[in-house]
Each structure stands twice: as C-alpha cells, then as structure tokens.
>>> print(open('work01.txt').read())   # compact mmCIF, C-alpha atoms
# COMPACT_ATOMS: atom_id res chain seq x y z
CA MET A 114 114.67 98.93 100.68
CA LYS A 115 111.92 96.60 99.49
CA ILE A 116 109.36 95.99 102.23
CA LEU A 117 106.75 93.25 102.05
CA PHE A 118 103.72 94.13 104.16
CA TYR A 119 101.75 91.03 105.13
CA ASN A 120 98.23 91.31 106.55
CA HIS A 121 96.56 88.05 107.58
CA THR A 122 93.04 89.32 106.82
CA GLY A 123 91.49 91.21 103.92
CA GLN A 124 89.04 93.02 106.19
CA ALA A 125 89.71 96.62 107.19
CA SER A 126 89.75 97.72 110.81
CA GLY A 127 92.05 99.85 112.98
CA ALA A 128 95.31 98.04 112.18
CA GLU A 129 94.54 98.03 108.48
CA TYR A 130 93.72 101.74 108.37
CA LEU A 131 97.03 102.45 110.07
CA LEU A 132 98.71 100.29 107.41
CA LEU A 133 97.01 102.34 104.69
CA MET A 134 98.33 105.56 106.25
CA ILE A 135 101.84 104.06 106.28
CA LEU A 136 101.60 103.05 102.63
CA ALA A 137 100.27 106.45 101.57
CA ARG A 138 103.06 108.37 103.33
CA LEU A 139 106.06 106.05 103.01
CA ASP A 140 109.08 107.72 101.38
CA ARG A 141 109.08 106.03 97.96
CA LEU A 142 112.62 107.27 97.23
CA ARG A 143 113.85 105.11 100.12
CA PHE A 144 111.29 102.31 100.35
CA GLU A 145 109.46 100.09 97.85
CA PRO A 146 106.29 98.62 99.41
CA VAL A 147 104.47 95.48 98.30
CA VAL A 148 101.38 94.18 100.12
CA ILE A 149 100.18 90.60 100.48
CA CYS A 150 96.76 89.89 101.95
CA PRO A 151 93.66 87.75 101.26
CA GLU A 152 91.29 88.95 98.56
CA GLN A 153 88.19 88.57 100.75
CA GLY A 154 87.29 92.01 102.07
CA PRO A 155 87.99 95.61 101.03
CA LEU A 156 91.70 95.85 101.91
CA GLN A 157 93.15 94.95 98.50
CA LYS A 158 91.06 97.64 96.80
CA LEU A 159 92.06 100.24 99.41
CA VAL A 160 95.75 99.39 99.00
CA ARG A 161 95.57 99.77 95.22
CA GLU A 162 93.94 103.17 95.70
CA VAL A 163 97.12 104.43 97.41
CA GLY A 164 99.22 103.16 94.50
CA VAL A 165 100.77 100.04 96.01
CA THR A 166 101.09 96.62 94.38
CA VAL A 167 99.00 93.88 96.00
CA GLU A 168 99.43 90.12 95.85
CA THR A 169 96.97 87.54 97.16
CA VAL A 170 97.51 84.97 99.88
CA GLU A 171 95.07 82.52 101.42
CA GLY A 172 93.19 83.85 104.43
CA LEU A 173 94.32 82.66 107.86
CA ASN A 174 91.69 80.92 109.98
CA ALA A 175 93.08 80.90 113.52
CA ARG A 176 91.81 82.04 116.91
CA PHE A 177 92.50 81.35 120.56
CA THR A 178 90.65 78.19 121.55
CA SER A 179 90.83 75.20 123.88
CA ARG A 180 88.88 72.81 121.62
CA PRO A 181 91.16 70.11 120.13
CA ASP A 182 89.18 69.87 116.89
CA GLN A 183 89.51 73.60 116.30
CA VAL A 184 93.21 73.58 117.20
CA PHE A 185 93.83 70.98 114.49
CA SER A 186 91.84 73.00 111.95
CA TYR A 187 93.72 76.19 112.81
CA LEU A 188 97.09 74.44 112.53
CA ARG A 189 96.20 73.23 109.05
CA SER A 190 95.31 76.80 108.09
CA PHE A 191 98.67 78.03 109.42
CA VAL A 192 100.54 75.41 107.38
CA ARG A 193 98.71 76.30 104.15
CA VAL A 194 99.22 80.04 104.58
CA ILE A 195 102.89 79.63 105.55
CA ARG A 196 103.54 77.64 102.37
CA ASP A 197 101.71 80.21 100.24
CA LEU A 198 103.48 83.19 101.80
CA ARG A 199 106.91 81.52 101.57
CA ARG A 200 106.44 80.84 97.86
CA GLN A 201 105.58 84.47 97.17
CA THR A 202 108.28 85.84 99.49
CA VAL A 203 110.95 83.93 97.56
CA VAL A 204 109.72 85.54 94.32
CA ILE A 205 109.41 89.08 95.76
CA ASN A 206 112.73 88.79 97.66
CA PRO A 207 112.11 91.63 100.15
CA ASP A 208 114.72 93.17 102.43
CA LEU A 209 112.18 93.24 105.23
CA VAL A 210 108.77 91.76 106.05
CA HIS A 211 106.39 93.95 108.04
CA ALA A 212 103.78 91.59 109.55
CA ASN A 213 100.78 93.68 110.56
CA SER A 214 99.56 91.58 113.51
CA ILE A 215 100.73 88.95 115.96
CA ARG A 216 99.21 86.18 113.84
CA ALA A 217 100.84 87.65 110.75
CA GLY A 218 104.15 87.71 112.63
CA LEU A 219 103.92 84.00 113.40
CA VAL A 220 103.19 83.19 109.76
CA ALA A 221 105.88 85.49 108.35
CA THR A 222 108.56 84.20 110.74
CA ALA A 223 107.84 80.59 109.82
CA ALA A 224 107.54 81.40 106.11
CA THR A 225 111.00 83.01 106.01
CA LEU A 226 112.94 80.29 107.84
CA GLY A 227 116.32 79.90 106.14
CA LEU A 228 115.89 83.05 104.04
CA ARG A 229 117.65 85.41 106.47
CA THR A 230 114.88 87.94 105.93
CA ARG A 231 114.26 90.36 108.79
CA VAL A 232 110.70 90.26 110.13
CA ILE A 233 108.90 92.96 112.09
CA TRP A 234 105.86 92.02 114.14
CA HIS A 235 103.50 94.98 114.49
CA LEU A 236 101.77 94.42 117.82
CA HIS A 237 98.27 95.92 117.76
CA ASP A 238 96.71 93.62 120.37
CA LEU A 239 96.96 92.58 123.99
CA LEU A 240 97.63 88.86 124.37
CA PRO A 241 95.05 87.13 126.59
CA ARG A 242 95.93 84.75 129.41
CA HIS A 243 96.12 81.53 127.44
CA PRO A 244 98.67 78.72 126.98
CA PHE A 245 99.06 79.76 123.34
CA SER A 246 100.18 83.23 124.44
CA SER A 247 103.28 81.72 126.05
CA LEU A 248 103.93 79.73 122.88
CA ILE A 249 103.64 82.89 120.76
CA ARG A 250 106.13 84.74 122.97
CA THR A 251 108.53 81.82 122.76
CA CYS A 252 108.33 81.72 118.95
CA ALA A 253 109.14 85.42 118.79
CA ARG A 254 111.99 85.03 121.26
CA LEU A 255 113.61 82.07 119.47
CA SER A 256 113.90 83.84 116.12
CA GLY A 257 116.87 86.18 116.04
CA ARG A 258 115.48 87.80 112.87
CA THR A 259 112.39 89.24 114.55
CA ARG A 260 111.84 92.62 116.11
CA MET A 261 108.58 94.05 117.42
CA ILE A 262 106.77 97.38 117.18
CA ALA A 263 104.19 97.92 119.92
CA VAL A 264 101.46 100.53 119.54
CA SER A 265 101.66 101.40 123.24
CA GLN A 266 103.77 100.68 126.29
CA ALA A 267 100.90 98.59 127.64
CA VAL A 268 101.09 96.36 124.56
CA ALA A 269 104.89 96.12 124.82
CA ASP A 270 104.72 95.09 128.48
CA ASN A 271 101.95 92.59 127.76
CA PHE A 272 103.81 90.97 124.88
CA SER A 273 107.19 90.83 126.60
CA GLY A 274 105.77 89.12 129.65
CA ALA A 275 108.55 87.61 131.75
CA LEU A 276 110.97 87.32 128.81
CA PRO A 277 113.55 90.14 129.05
CA GLY A 278 114.93 89.17 125.65
CA LEU A 279 111.67 90.25 124.04
CA ARG A 280 111.58 93.57 125.89
CA THR A 281 114.96 94.63 124.44
CA ARG A 282 113.75 93.81 120.90
CA THR A 283 110.43 95.66 121.21
CA ALA A 284 110.13 99.34 120.33
CA VAL A 285 107.12 101.45 121.27
CA ILE A 286 105.92 103.67 118.42
CA LEU A 287 102.68 105.34 119.43
CA ASN A 288 100.18 105.45 116.60
CA GLY A 289 99.60 108.61 114.60
CA ILE A 290 96.70 109.92 112.56
CA ASP A 291 96.33 111.92 109.38
CA LEU A 292 95.03 115.23 110.74
CA THR A 293 93.83 116.35 107.31
CA LYS A 294 91.15 113.64 107.36
CA PHE A 295 89.74 114.82 110.68
CA LYS A 296 89.70 118.57 110.20
CA PRO A 297 86.35 119.88 111.47
CA LEU A 298 83.99 121.09 108.77
CA ALA A 299 81.45 123.76 109.62
CA THR A 300 78.51 121.91 108.05
CA ALA A 301 79.44 118.30 108.88
CA SER A 302 77.57 118.06 112.18
CA ASP A 303 74.34 119.51 110.80
CA GLU A 304 74.44 117.29 107.71
CA VAL A 305 74.90 114.08 109.69
CA ARG A 306 72.18 114.97 112.18
CA LYS A 307 69.81 115.84 109.36
CA GLU A 308 70.53 112.55 107.57
CA LEU A 309 69.91 110.56 110.76
CA ALA A 310 66.82 112.64 111.64
CA ILE A 311 68.37 113.86 114.90
CA ASP A 312 67.07 117.03 116.51
CA PRO A 313 69.77 119.75 116.25
CA ALA A 314 69.26 120.44 119.97
CA ALA A 315 69.69 116.79 121.04
CA ILE A 316 72.64 115.73 123.17
CA VAL A 317 74.33 112.96 121.25
CA ILE A 318 76.74 110.44 122.75
CA GLY A 319 78.51 108.03 120.41
CA ILE A 320 80.72 104.98 120.33
CA VAL A 321 82.63 104.18 117.14
CA GLY A 322 84.19 100.88 116.18
CA GLN A 323 83.72 97.25 115.24
CA LEU A 324 80.70 95.66 116.90
CA THR A 325 82.32 93.04 119.13
CA PRO A 326 82.12 92.26 122.87
CA ARG A 327 85.55 93.65 123.77
CA LYS A 328 84.50 97.11 122.54
CA GLY A 329 81.89 97.32 125.30
CA GLN A 330 78.85 98.50 123.34
CA LEU A 331 76.53 96.28 125.40
CA GLU A 332 77.69 97.72 128.73
CA LEU A 333 77.43 101.24 127.32
CA ILE A 334 73.80 100.68 126.32
CA SER A 335 73.07 99.46 129.85
CA ALA A 336 74.73 102.52 131.39
CA PHE A 337 72.97 104.82 128.92
CA LYS A 338 69.62 103.74 130.40
CA GLN A 339 70.49 105.89 133.44
CA VAL A 340 71.48 108.82 131.23
CA VAL A 341 68.10 108.84 129.48
CA GLY A 342 66.40 109.25 132.86
CA GLU A 343 68.46 112.34 133.72
CA ILE A 344 69.28 114.08 130.43
CA SER A 345 66.29 115.09 128.35
CA GLY A 346 66.77 114.49 124.64
CA ALA A 347 69.88 112.31 125.02
CA LEU A 348 70.65 109.95 122.15
CA LEU A 349 73.23 107.19 121.76
CA LEU A 350 74.81 106.50 118.36
CA ILE A 351 76.31 103.02 117.88
CA VAL A 352 78.60 103.44 114.88
CA GLY A 353 80.12 100.34 113.32
CA ALA A 354 79.33 96.84 112.10
CA PRO A 355 80.34 93.27 112.96
CA LEU A 356 83.32 92.12 110.88
CA PHE A 357 83.31 88.43 111.72
CA ASN A 358 80.55 85.83 111.81
CA ARG A 359 80.52 85.32 115.56
CA ASP A 360 79.90 89.05 116.05
CA GLU A 361 76.63 89.03 114.08
CA GLN A 362 74.86 87.55 117.10
CA TYR A 363 76.41 90.20 119.33
CA ALA A 364 75.07 92.94 117.05
CA GLU A 365 71.56 91.48 117.33
CA ARG A 366 71.93 91.29 121.10
CA LEU A 367 72.71 95.00 121.24
CA LYS A 368 69.43 95.84 119.53
CA GLU A 369 67.49 93.42 121.69
CA THR A 370 68.99 94.92 124.86
CA ALA A 371 68.04 98.46 123.87
CA LYS A 372 64.49 97.25 123.27
CA GLU A 373 64.33 95.34 126.56
CA LEU A 374 65.51 98.46 128.44
CA GLY A 375 62.83 100.54 126.73
CA ILE A 376 65.33 102.90 125.09
CA GLU A 377 65.22 101.62 121.50
CA ASN A 378 64.05 105.07 120.35
CA GLN A 379 67.06 106.70 122.01
CA VAL A 380 69.68 104.31 120.53
CA VAL A 381 70.58 104.70 116.85
CA PHE A 382 72.53 101.99 115.02
CA THR A 383 74.21 103.60 112.02
CA GLY A 384 76.12 100.59 110.70
CA ALA A 385 79.56 101.07 109.19
CA ARG A 386 80.23 104.62 107.98
CA LYS A 387 82.81 105.97 105.56
CA ASP A 388 82.36 109.52 106.90
CA VAL A 389 83.59 108.76 110.42
CA ALA A 390 85.06 112.25 110.87
CA ALA A 391 81.73 113.89 110.07
CA VAL A 392 79.90 111.52 112.42
CA MET A 393 82.34 112.32 115.23
CA GLN A 394 81.85 116.02 114.66
CA SER A 395 78.10 115.52 115.14
CA LEU A 396 78.64 114.10 118.64
CA ASP A 397 78.67 115.96 121.93
CA LEU A 398 80.71 113.17 123.54
CA LEU A 399 82.58 110.11 122.30
CA VAL A 400 82.84 107.07 124.57
CA VAL A 401 85.58 104.44 124.44
CA ASN A 402 84.42 101.51 126.59
CA SER A 403 86.74 98.65 125.60
CA SER A 404 87.58 95.89 128.05
CA ALA A 405 91.03 95.55 126.44
CA GLU A 406 92.12 98.58 124.38
CA PRO A 407 95.69 98.23 123.06
CA PHE A 408 95.88 101.87 121.98
CA GLY A 409 92.62 103.75 121.37
CA LEU A 410 93.03 105.31 117.92
CA VAL A 411 89.38 106.34 117.84
CA ALA A 412 90.00 108.60 120.86
CA LEU A 413 92.66 110.54 118.94
CA GLU A 414 90.38 110.84 115.93
CA SER A 415 87.63 112.24 118.13
CA LEU A 416 89.94 114.86 119.65
CA ALA A 417 91.13 115.83 116.17
CA CYS A 418 87.49 116.51 115.34
CA GLY A 419 87.07 118.66 118.44
CA THR A 420 84.84 116.15 120.24
CA PRO A 421 85.57 115.37 123.93
CA VAL A 422 86.37 111.79 124.97
CA LEU A 423 85.15 109.72 127.89
CA ALA A 424 87.11 106.47 128.17
CA ALA A 425 87.31 103.42 130.38
CA ILE A 426 90.82 102.85 131.74
CA SER A 427 92.22 99.94 129.76
CA GLY A 428 95.49 99.06 128.06
CA GLY A 429 97.05 102.06 126.35
CA ILE A 430 94.25 104.55 127.08
CA PRO A 431 96.08 106.25 130.01
CA GLU A 432 99.05 106.82 127.68
CA LEU A 433 96.80 108.97 125.47
CA ILE A 434 94.45 110.71 127.86
CA GLU A 435 95.12 112.58 131.11
CA HIS A 436 92.06 112.60 133.35
CA GLU A 437 90.26 115.93 133.61
CA LYS A 438 92.79 117.59 131.30
CA THR A 439 92.70 116.01 127.84
CA GLY A 440 89.74 113.71 128.45
CA TRP A 441 87.71 111.95 131.14
CA LEU A 442 88.60 108.51 132.54
CA VAL A 443 86.52 106.02 134.50
CA PRO A 444 87.35 102.54 135.86
CA GLN A 445 86.85 99.83 133.27
CA GLY A 446 83.75 97.72 133.92
CA ASP A 447 82.10 100.23 136.30
CA GLU A 448 78.76 100.97 134.61
CA GLN A 449 77.65 103.29 137.41
CA ALA A 450 80.79 105.43 137.05
CA LEU A 451 80.34 105.43 133.27
CA ALA A 452 76.73 106.58 133.54
CA GLN A 453 77.58 109.29 136.07
CA ALA A 454 80.41 110.58 133.88
CA MET A 455 78.11 110.79 130.84
CA VAL A 456 75.53 112.71 132.84
CA TYR A 457 78.18 115.05 134.30
CA LEU A 458 79.84 115.87 130.98
CA CYS A 459 76.61 116.21 129.01
CA GLY A 460 75.27 118.56 131.66
CA ARG A 461 78.40 120.72 131.52
CA PRO A 462 79.24 121.34 127.86
CA GLU A 463 81.87 123.93 128.83
CA VAL A 464 83.88 121.17 130.55
CA GLY A 465 83.70 119.04 127.42
CA ARG A 466 84.83 121.93 125.22
CA GLN A 467 87.87 122.55 127.44
CA LEU A 468 88.79 118.85 127.46
CA ALA A 469 88.53 118.71 123.68
CA LYS A 470 90.60 121.88 123.25
CA LEU A 471 93.50 120.68 125.40
CA GLY A 472 93.24 117.17 124.02
CA LYS A 473 93.47 118.39 120.46
CA LEU A 474 96.55 120.49 121.21
CA GLN A 475 98.38 117.53 122.74
CA MET A 476 97.18 115.12 120.08
CA SER A 477 98.40 117.37 117.26
CA SER A 478 101.93 117.48 118.66
CA ARG A 479 102.31 113.91 119.95
CA PHE A 480 100.32 111.85 117.47
CA SER A 481 100.78 113.39 114.04
CA ALA A 482 101.28 111.19 110.98
CA GLU A 483 104.57 112.98 110.27
CA ARG A 484 106.02 112.07 113.68
CA TYR A 485 104.81 108.50 113.28
CA LEU A 486 106.35 107.97 109.83
CA ASP A 487 109.66 109.50 110.94
CA GLU A 488 109.95 107.04 113.84
CA LEU A 489 108.79 104.09 111.76
CA GLN A 490 111.19 104.71 108.89
CA GLN A 491 114.08 105.11 111.31
CA PHE A 492 113.10 101.77 112.83
CA TYR A 493 113.12 100.11 109.39
CA CYS A 494 116.69 101.28 108.82
CA SER A 495 118.03 100.46 112.28
CA PRO A 496 120.25 97.34 112.63
>>> encode(input="work01.txt", output="structure tokens")
Amino acid sequence: MKILFYNHTGQASGAEYLLLMILARLDRLRFEPVVICPEQGPLQKLVREVGVTVETVEGLNARFTSRPDQVFSYLRSFVRVIRDLRRQTVVINPDLVHANSIRAGLVATAATLGLRTRVIWHLHDLLPRHPFSSLIRTCARLSGRTRMIAVSQAVADNFSGALPGLRTRTAVILNGIDLTKFKPLATASDEVRKELAIDPAAIVIGIVGQLTPRKGQLELISAFKQVVGEISGALLLIVGAPLFNRDEQYAERLKETAKELGIENQVVFTGARKDVAAVMQSLDLLVVNSSAEPFGLVALESLACGTPVLAAISGGIPELIEHEKTGWLVPQGDEQALAQAMVYLCGRPEVGRQLAKLGKLQMSSRFSAERYLDELQQFYCSP
C-alpha cells in the first residue's frame, strides 16, 4: 500500500515528531511511504534521515480569524496549495493519503476530489469555538472518502461535535512514544545541570514545549513566584522556542514577566533543545500547563525518563494521568492550586518518586510505539 503523508508545515513540533516515529517504524514490506511538505523548516531533512522520499509543496498560510482581509488571503493560500498537492498526488498515485493535521485534511480532501483516493485526517488539535470550526466539520462529514484518527477521546468528541456521522468515522488511537529515546542515563542529569550552571542540590521544575500562549508558560512563571518564596533554591527551566512569528513577542513577554516579578535569576530559558530526554532527566518535576492540551505527549516522555508530572486538567490529560497515582492534576487556570502543588511535590520528593514509578509502569504498557504502530497499521488496512 502506497501512503502519501502530507504535512502542511515544514516546521517540527509534536505532530511532526509523531509522524517521524511512524515513518521510522512503518512495516516497509506492507507499506510504501512518501512525504510531501514545505521545504521551509527542518522537517524535510528529518524525514530523509529516516529513509523516506520527500517531495515539496507550497506552505499553507491559514489560521482562524474574523478579519475579512485575512480570510481572503488564507483562501488564496488554500487554493494554491490544493492545486500543488493535487498535481503531485496524481503523479504519485497513492492508495491512501494521511493528512497530518486538520488543515492538512482540508487540503488533501479538496486536492483528491474525483480521484477516489481515501484520506485520513490525523486530528492532533482541539477545534476552538469559531464559525470556521462548523465549516471544517461539515467538509469532513460531506466527503465519504474521509476517516479520522483522534489522538485522544477528548479530541474525538471535540471534532465530532453534534454530527453523529463524524463520530462513527473517527477512531481514537492514543499516541505512543519510542521508549528507547527516553531511557534514563546515569550521567544525563549531572551533565545538563553542569552545562546550565545549576547547583546539583537545586530543586528544578521544568516546562517543555513550543513557546506559545496556549502552553501556559506565562501563568506558570506567575505561579512560580510563590514557589520561590517557600522552596529555597528552586529553579524554573523554560525549555522550547517560538515556532511562528506571532510567538516571538510572547517569548519576550515571558522574560519581561520574570524580571518584573523579581525572579529572573530563578528562571532559565534554554531555547530549543535536541537532548530533551536528558533535560527531562535533570528535572525534579515537569509541569504541563496548557489551556487546551489535545493529548500531552510531553507528559509521557517525562514519565519515561522517570520524572514526575504535574498537569493542569485539559483536553486529553485525564486520559493519560490518574491523580495521585500516576501524576498530579490541578484545575486548569488556577494559579494558586498550581503553585501549591509545586510546593507540595517539591517538598516531598518521595511522593514524586512514587508517582513517576507508577506512571512509568502504566506508560510503558499503554503508550509504547509498538502498540501504536499495530493499531495504526490495522486502521490503514481497514475498509
């Protein structure tokens, strides 16, 4: 079966790293993968490194907006990309198109009109309340060639909305991770702390991910101000970088806020890191503070590294973490509860160790890459 994987951006974030894991582990005796994505960004290079052919398509410029001038600009971008993708799809002639986002699903469905090609929308995001969200659901519902994979039940419920026809065509396949990449190394923690000039005895809290408002770094910095007053030697690592232009200002605001709160010496901005596993192993606690978290892959990665997780309840997070057993949950948006939980867990390292131990056991059985690929490949072959 020839599968065309279409990614609407050439940047690499959570959805793209999951795509890379799929490509690296796909059964090549049964499936022949080809990837199409824009050349701007690191994704094409990363795909070639796992031995998969890559073709180039124009980047898609489209976001949720209510401004008429931007709507017109985004529609023009959709039309150009649809034409480009259709031309290449006709040449490649795949049995199946795997569109690696909701936007990619819209493009791929339109680009394959009349070709009878099956299209899978991989749903990595929660649709916001917006008129366009209803339009997106309708487009997916009207095409009998489309089926959906949701990364969590929360995402499936959100996408299906009030359309039962979508619910029956949406399968939930919980993400998996490559455990070999997150195996704890005895020296990793010490090496990272030495590089970042962190005292070996310091209590280090971290948040890992793209710098963008929905990830909640700003609210975490505000809550961390309370932690500094109660936990001597506490440090906060902000790991990640802005991927899109509008997030550059947000990144600057994070630094300004830490300075305004008088904790700039206790907040370390590491930028993007390639050694995420080693960084996680250097933490005493990982925080997931997203306002809308479709799945929470970083939480699984942290548990695989043996680092306990504190997470705000959002989206698919409760499907991964059981409060006080495999992690610690607080209400989303409650900075006081977040601060109190950080103080509690940092002051009781034995609680964190037990959470991490049980979390890792469950994660290893429920979220392995092997389980994920088995379910995905069965889905590809299902009618």
>>> atom_distance(input="work01.txt", atom1="atom CA of His235 of chain A", atom2="atom CA of Leu133 of chain A")
13.9 Å
>>> atom_distance(input="work01.txt", atom1="atom CA of Asp397 of chain A", atom2="atom CA of Ser126 of chain A")
24.1 Å
>>> closest_residue(input="work01.txt", among="A:Thr225, A:Ser273, A:Ser477, A:Ser404", to="Leu198 of chain A", atoms="all atoms listed in the file")
A:Thr225
>>> atom_distance(input="work01.txt", atom1="atom CA of Thr281 of chain A", atom2="atom CA of Glu145 of chain A")
27.7 Å
>>> residues_around(input="work01.txt", residues="Ile249 of chain A", least_positions_apart="4", cutoff="12 Å", atoms="all atoms listed in the file", output="PyMOL selection string")
chain A and resi 177+215-220+222-223+234+240-245+253-256+272-274+276+279
>>> residues_around(input="work01.txt", residues="Ala385 of chain A", least_positions_apart="5", cutoff="9 Å", atoms="all atoms listed in the file", output="PyMOL selection string")
chain A and resi 322-323+352-355
>>> write_last_selection(input="work01.txt", atoms="C-alpha atoms", output="PDB file, in the coordinates of the input")
ATOM      1  CA  GLY A 322      84.190 100.880 116.180  1.00  0.00           C
ATOM      2  CA  GLN A 323      83.720  97.250 115.240  1.00  0.00           C
ATOM      3  CA  VAL A 352      78.600 103.440 114.880  1.00  0.00           C
ATOM      4  CA  GLY A 353      80.120 100.340 113.320  1.00  0.00           C
ATOM      5  CA  ALA A 354      79.330  96.840 112.100  1.00  0.00           C
ATOM      6  CA  PRO A 355      80.340  93.270 112.960  1.00  0.00           C
TER       7      PRO A 355
END
>>> residues_near_point(input="work01.txt", point="(111.6, 93.6, 119.1)", cutoff="6 Å", atoms="only C-alpha atoms", output="list in words")
Arg260, Met261, Leu279, Arg282 and Thr283 of chain A
>>> residues_around(input="work01.txt", residues="Ala469 of chain A", least_positions_apart="4", cutoff="9 Å", atoms="only C-alpha atoms", output="PyMOL selection string")
chain A and resi 415-422+438-440+464-465+473-474
>>> residues_around(input="work01.txt", residues="Leu228 of chain A", least_positions_apart="4", cutoff="12 Å", atoms="only C-alpha atoms", output="compact mmCIF listing (two decimals) with C-alpha atoms, in the frame of the given file")
# COMPACT_ATOMS: atom_id res chain seq x y z
CA ARG A 199 106.91 81.52 101.57
CA ARG A 200 106.44 80.84 97.86
CA THR A 202 108.28 85.84 99.49
CA VAL A 203 110.95 83.93 97.56
CA VAL A 204 109.72 85.54 94.32
CA ASN A 206 112.73 88.79 97.66
CA PRO A 207 112.11 91.63 100.15
CA ASP A 208 114.72 93.17 102.43
CA LEU A 209 112.18 93.24 105.23
CA VAL A 210 108.77 91.76 106.05
CA ALA A 221 105.88 85.49 108.35
CA THR A 222 108.56 84.20 110.74
CA ALA A 223 107.84 80.59 109.82
CA ALA A 224 107.54 81.40 106.11
CA VAL A 232 110.70 90.26 110.13
CA ARG A 258 115.48 87.80 112.87
>>> residues_around(input="work01.txt", residues="Asp447 of chain A", least_positions_apart="3", cutoff="10 Å", atoms="all atoms listed in the file", output="list in words")
Glu332, Ala336, Ala425, Val443, Pro444, Ala450, Leu451 and Ala452 of chain A
>>> axis_aligned_box(input="work01.txt", around="segment 286-304 of chain A", padding_each_side="6 Å", output="AutoDock Vina command-line options")
--center_x 90.1 --center_y 113.7 --center_z 113.4 --size_x 43.6 --size_y 32.1 --size_z 24.1
>>> closest_residue(input="work01.txt", among="A:Arg141, A:Arg359, A:Arg231, A:Arg327", to="Gly164 of chain A", atoms="only C-alpha atoms")
A:Arg141
>>> closest_residue(input="work01.txt", among="A:Gln379, A:Gln201, A:Asn271, A:Ser302", to="Val148 of chain A", atoms="all atoms listed in the file")
A:Gln201
>>> residues_near_point(input="work01.txt", point="(91.5, 114.7, 108.7)", cutoff="9 Å", atoms="only C-alpha atoms", output="MDAnalysis selection string")
chainID A and resid 290:297 390 414 417:418
>>> closest_residue(input="work01.txt", among="A:Leu458, A:Val381, A:Leu287, A:Ala275", to="Ala263 of chain A", atoms="only C-alpha atoms")
A:Leu287
>>> build_atoms(input="work01.txt", residues="segment 184-197 of chain A", atoms="N, CA, C and O atoms", output="CSV table (one decimal), keeping the file's coordinate frame")
chain,number,residue,atom,x,y,z
A,184,VAL,N,91.8,73.4,117.2
A,184,VAL,CA,93.2,73.6,117.2
A,184,VAL,C,93.8,72.9,116.0
A,184,VAL,O,94.6,73.5,115.3
A,185,PHE,N,93.3,71.7,115.7
A,185,PHE,CA,93.8,71.0,114.5
A,185,PHE,C,93.5,71.7,113.2
A,185,PHE,O,94.3,71.9,112.3
A,186,SER,N,92.3,72.2,113.1
A,186,SER,CA,91.8,73.0,112.0
A,186,SER,C,92.7,74.3,111.8
A,186,SER,O,93.1,74.6,110.6
A,187,TYR,N,92.9,75.0,112.9
A,187,TYR,CA,93.7,76.2,112.8
A,187,TYR,C,95.2,75.9,112.4
A,187,TYR,O,95.8,76.7,111.7
A,188,LEU,N,95.7,74.8,112.9
A,188,LEU,CA,97.1,74.4,112.5
A,188,LEU,C,97.2,74.2,111.0
A,188,LEU,O,98.2,74.5,110.4
A,189,ARG,N,96.2,73.5,110.5
A,189,ARG,CA,96.2,73.2,109.0
A,189,ARG,C,96.2,74.5,108.3
A,189,ARG,O,96.8,74.7,107.2
A,190,SER,N,95.4,75.5,108.8
A,190,SER,CA,95.3,76.8,108.1
A,190,SER,C,96.7,77.5,108.1
A,190,SER,O,97.1,78.1,107.1
A,191,PHE,N,97.3,77.4,109.3
A,191,PHE,CA,98.7,78.0,109.4
A,191,PHE,C,99.6,77.4,108.4
A,191,PHE,O,100.4,78.1,107.7
A,192,VAL,N,99.6,76.1,108.3
A,192,VAL,CA,100.5,75.4,107.4
A,192,VAL,C,100.3,75.8,105.9
A,192,VAL,O,101.2,76.1,105.2
A,193,ARG,N,99.0,75.9,105.5
A,193,ARG,CA,98.7,76.3,104.2
A,193,ARG,C,99.2,77.7,103.9
A,193,ARG,O,99.8,78.0,102.8
A,194,VAL,N,98.9,78.6,104.8
A,194,VAL,CA,99.2,80.0,104.6
A,194,VAL,C,100.7,80.2,104.6
A,194,VAL,O,101.3,81.0,103.8
A,195,ILE,N,101.4,79.5,105.5
A,195,ILE,CA,102.9,79.6,105.6
A,195,ILE,C,103.5,79.2,104.2
A,195,ILE,O,104.4,79.9,103.7
A,196,ARG,N,103.0,78.1,103.7
A,196,ARG,CA,103.5,77.6,102.4
A,196,ARG,C,103.3,78.7,101.3
A,196,ARG,O,104.2,79.0,100.5
A,197,ASP,N,102.1,79.2,101.3
A,197,ASP,CA,101.7,80.2,100.2
A,197,ASP,C,102.6,81.5,100.4
A,197,ASP,O,103.1,82.0,99.4
